[in-house]
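Shown next, in structure tokens, is the structure this report addresses.
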Amino acid sequence: MTAHLKHAGQLLSALTLLVCLTGTSAAEPPPEPIETFTAAKKIARNSIFADRPIDYYCGCEYRPTGKASDSGGQMKLSTCTYRARANPERGKRLEWEHVMPAKIFAGERACWRGEPAKCQERGIKGRSCCNAADSTFKKMEADLHNLVPSVGELNGDRSDKPYGNVRGEPRQYGQCDFEIGGKPKVTEPPANIKGDVARIWFYMSDAYNIKIDVDTIATLEKWSEDDPVDDWERLRDKRVRAAQGNSNPFVTGH
């Protein structure tokens with residue numbers, strides 16, 4: 001990591017990191033974006049992860065439920081080391097996680113603050129306002145590169161927390177290597193997906209001009225180095241490209 005990336009308080013996009021360190025081509029938003037988050041979840045379950053129905057964090061297998069075109073699922077908890085911390089019912093449920101949370105990819109947008117007139121009239125802000133008044137937000141929310149299957153309780157507990165390293169790695173969910181802690185609180189995923197997480201964040205930052213603070217960039221860069229791209233990441237990228245027309249250059253390398 002070059003020295004100029006380490007100045008305290010400096011904000012950088014993944015594009016800066018890309019130019020300084022990797023020489024990788026710039027990421028672009030999907031040329032064929034999925035229309036809604038609901039539609040994206042269905043595509044994720046029934047196409048992207050159809051033959052790999054496994055939770056992102058704990059490796060729990062899941063069984064699709066509902067209609068063939070739905071996005072729901074039931075966790076097979078006997079297949080993994082996850083155990084509920086406080087919400088066993090939600091822990092049985094498949095949910096779809098934004099690897100970069102909505103508050104981070106949309107937190108600087110006017111809609112998140114409820115500023116558009118139609119939102120002020122209705123008294124809404126955050127995701128409700130952004131879905132009502134911001135077409136770019138809807139593209140980001142439905143971007144399949146940023147969407148993964150998760151145990152419901154983990155998705156709920158993680159909420160909008162960024163990623164980082166949790167000292168001591170206390171096991172809060174059975175033996176699943178997933179921790180939330182620190183001040184401010186951050187989420188530490190298993191080592192075998194840390195690089196995947198980093199490359200998704202770099203993609204989102206680059207494609208949508210989202211700023212990432214310098215300390216987070218340093219952490220994610222280390223994660224990407226320690227956990228290089230694997231065959232599943234490449235296959236997932238190909239499937240996402242088929243669905244929405246773009247690749248993650250931090251996965252493909254070009």
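Chains: A, B, ... in order of the structure tokens. Residues: from 1 per chain. Ligands: from 1, in order shown.
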Please identify all polymer residues within 10 Å of segment 231-240 of chain A, counting only C-alpha atoms, omitting same-chain residues fewer than 3 positions from it, and present them as a PyMOL selection string. chain A and resi 30+43-44+47-49+52+143-145+193+195-196+199+228+243-249+251-252
Can you write out as CSV which residues of segment 64-151 of chain A fall within 12 Å of segment 182-187 of chain A, alongside each residue's closest atom pair and its distance in Å to one decimal, counting only C-alpha atoms and ordering rows by chain and ascending residue number?
```
residue,atom,partner,partner_atom,distance
A:Val99,CA,A:Thr187,CA,10.8
A:Met100,CA,A:Thr187,CA,11.5
A:Pro101,CA,A:Thr187,CA,11.7
```
Would you pick out the contacts of segment 125-131 of chain A at 6 Å or less, using only C-alpha atoms, so that residues sharing its chain but fewer than 3 positions from it are not included, and give the list as a PyMOL selection string? chain A and resi 111-114+119+134+138
Convert the current residue selection to file output with N, CA, C and O atoms, as a compact mmCIF listing (two decimals), in the first residue's frame.
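And here's part_11.txt as it stands now:
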```
# COMPACT_ATOMS: atom_id res chain seq x y z
N CYS A 111 -31.55 10.95 -1.65
CA CYS A 111 -32.73 10.16 -1.30
C CYS A 111 -32.60 9.52 0.07
O CYS A 111 -33.59 9.35 0.79
N TRP A 112 -31.38 9.15 0.46
CA TRP A 112 -31.19 8.52 1.77
C TRP A 112 -31.57 9.49 2.89
O TRP A 112 -32.04 9.08 3.95
N ARG A 113 -31.36 10.78 2.63
CA ARG A 113 -31.72 11.81 3.62
C ARG A 113 -33.17 12.27 3.48
O ARG A 113 -33.61 13.15 4.21
N GLY A 114 -33.87 11.72 2.49
CA GLY A 114 -35.27 12.08 2.30
C GLY A 114 -35.49 13.42 1.66
O GLY A 114 -36.56 14.03 1.84
N CYS A 119 -40.49 12.52 -1.50
CA CYS A 119 -40.21 11.87 -0.21
C CYS A 119 -40.61 12.76 0.95
O CYS A 119 -41.13 12.27 1.96
N ASP A 134 -35.04 7.42 -6.79
CA ASP A 134 -33.66 7.39 -7.27
C ASP A 134 -33.42 6.13 -8.11
O ASP A 134 -33.27 5.04 -7.58
N LYS A 138 -31.81 2.07 -7.32
CA LYS A 138 -32.49 0.82 -7.64
C LYS A 138 -31.55 -0.11 -8.41
O LYS A 138 -31.58 -1.33 -8.21
```
Identify which of the residues A:Lys42, A:Trp223, A:His254, A:Glu188 lies closest to Ala68 of chain A, counting only C-alpha atoms when measuring atom-to-atom distances. A:Lys42
Env of Gln175 of chain A: 8 Å cut, atoms = only C-alpha atoms, seq-sep filter 3 positions within chain, self excluded. Answer as number ranges by chain. A: 81-83, 171-172
Surrounding residues of Glu225 of chain A excluding itself and chain neighbours under 5 positions, 12 Å, only C-alpha atoms, as a PDB file with N, CA and C atoms, in the first residue's frame:
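Listing of out.pdb after writing:
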```pdb
ATOM      1  N   MET A   1       0.854  -1.189   0.000  1.00  0.00           N
ATOM      2  CA  MET A   1       0.000   0.000   0.000  1.00  0.00           C
ATOM      3  C   MET A   1       0.886   1.233   0.000  1.00  0.00           C
ATOM      4  N   LEU A  21      -2.463   0.537  -7.858  1.00  0.00           N
ATOM      5  CA  LEU A  21      -1.906  -0.745  -7.455  1.00  0.00           C
ATOM      6  C   LEU A  21      -2.051  -1.875  -8.458  1.00  0.00           C
ATOM      7  N   THR A  22      -3.120  -1.918  -9.219  1.00  0.00           N
ATOM      8  CA  THR A  22      -3.405  -3.132  -9.976  1.00  0.00           C
ATOM      9  C   THR A  22      -3.339  -3.002 -11.483  1.00  0.00           C
ATOM     10  N   ALA A 191     -12.136 -16.483   6.696  1.00  0.00           N
ATOM     11  CA  ALA A 191     -10.949 -16.178   5.895  1.00  0.00           C
ATOM     12  C   ALA A 191     -11.122 -16.567   4.434  1.00  0.00           C
ATOM     13  N   ASN A 192     -11.889 -17.630   4.166  1.00  0.00           N
ATOM     14  CA  ASN A 192     -11.984 -18.115   2.795  1.00  0.00           C
ATOM     15  C   ASN A 192     -12.884 -17.281   1.898  1.00  0.00           C
ATOM     16  N   ILE A 193     -13.571 -16.265   2.470  1.00  0.00           N
ATOM     17  CA  ILE A 193     -14.334 -15.354   1.602  1.00  0.00           C
ATOM     18  C   ILE A 193     -13.903 -13.903   1.770  1.00  0.00           C
ATOM     19  N   LYS A 194     -12.871 -13.652   2.562  1.00  0.00           N
ATOM     20  CA  LYS A 194     -12.445 -12.265   2.759  1.00  0.00           C
ATOM     21  C   LYS A 194     -12.038 -11.606   1.445  1.00  0.00           C
ATOM     22  N   GLY A 195     -11.355 -12.346   0.596  1.00  0.00           N
ATOM     23  CA  GLY A 195     -10.976 -11.785  -0.700  1.00  0.00           C
ATOM     24  C   GLY A 195     -12.185 -11.518  -1.575  1.00  0.00           C
ATOM     25  N   ASP A 196     -13.173 -12.415  -1.542  1.00  0.00           N
ATOM     26  CA  ASP A 196     -14.406 -12.221  -2.299  1.00  0.00           C
ATOM     27  C   ASP A 196     -15.086 -10.926  -1.862  1.00  0.00           C
ATOM     28  N   VAL A 197     -15.185 -10.742  -0.536  1.00  0.00           N
ATOM     29  CA  VAL A 197     -15.776  -9.527   0.029  1.00  0.00           C
ATOM     30  C   VAL A 197     -15.041  -8.289  -0.472  1.00  0.00           C
ATOM     31  N   ALA A 198     -13.725  -8.318  -0.405  1.00  0.00           N
ATOM     32  CA  ALA A 198     -12.926  -7.162  -0.824  1.00  0.00           C
ATOM     33  C   ALA A 198     -13.179  -6.823  -2.285  1.00  0.00           C
ATOM     34  N   ARG A 199     -13.194  -7.833  -3.143  1.00  0.00           N
ATOM     35  CA  ARG A 199     -13.355  -7.573  -4.579  1.00  0.00           C
ATOM     36  C   ARG A 199     -14.756  -7.073  -4.910  1.00  0.00           C
ATOM     37  N   ALA A 218      -7.244  -0.393   3.163  1.00  0.00           N
ATOM     38  CA  ALA A 218      -6.046  -1.144   3.547  1.00  0.00           C
ATOM     39  C   ALA A 218      -6.413  -2.558   3.996  1.00  0.00           C
ATOM     40  N   THR A 219      -7.484  -2.670   4.793  1.00  0.00           N
ATOM     41  CA  THR A 219      -7.931  -3.985   5.259  1.00  0.00           C
ATOM     42  C   THR A 219      -8.376  -4.857   4.095  1.00  0.00           C
ATOM     43  N   LEU A 220      -9.179  -4.284   3.198  1.00  0.00           N
ATOM     44  CA  LEU A 220      -9.701  -5.054   2.074  1.00  0.00           C
ATOM     45  C   LEU A 220      -8.601  -5.469   1.106  1.00  0.00           C
ATOM     46  N   PHE A 250     -12.211  -6.872 -10.856  1.00  0.00           N
ATOM     47  CA  PHE A 250     -11.323  -7.276  -9.767  1.00  0.00           C
ATOM     48  C   PHE A 250     -11.323  -8.800  -9.613  1.00  0.00           C
TER      49      PHE A 250
END
```
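Between atom CA of Val229 of chain A and atom CA of Pro190 of chain A the interatomic distance comes to 14.9 Å.
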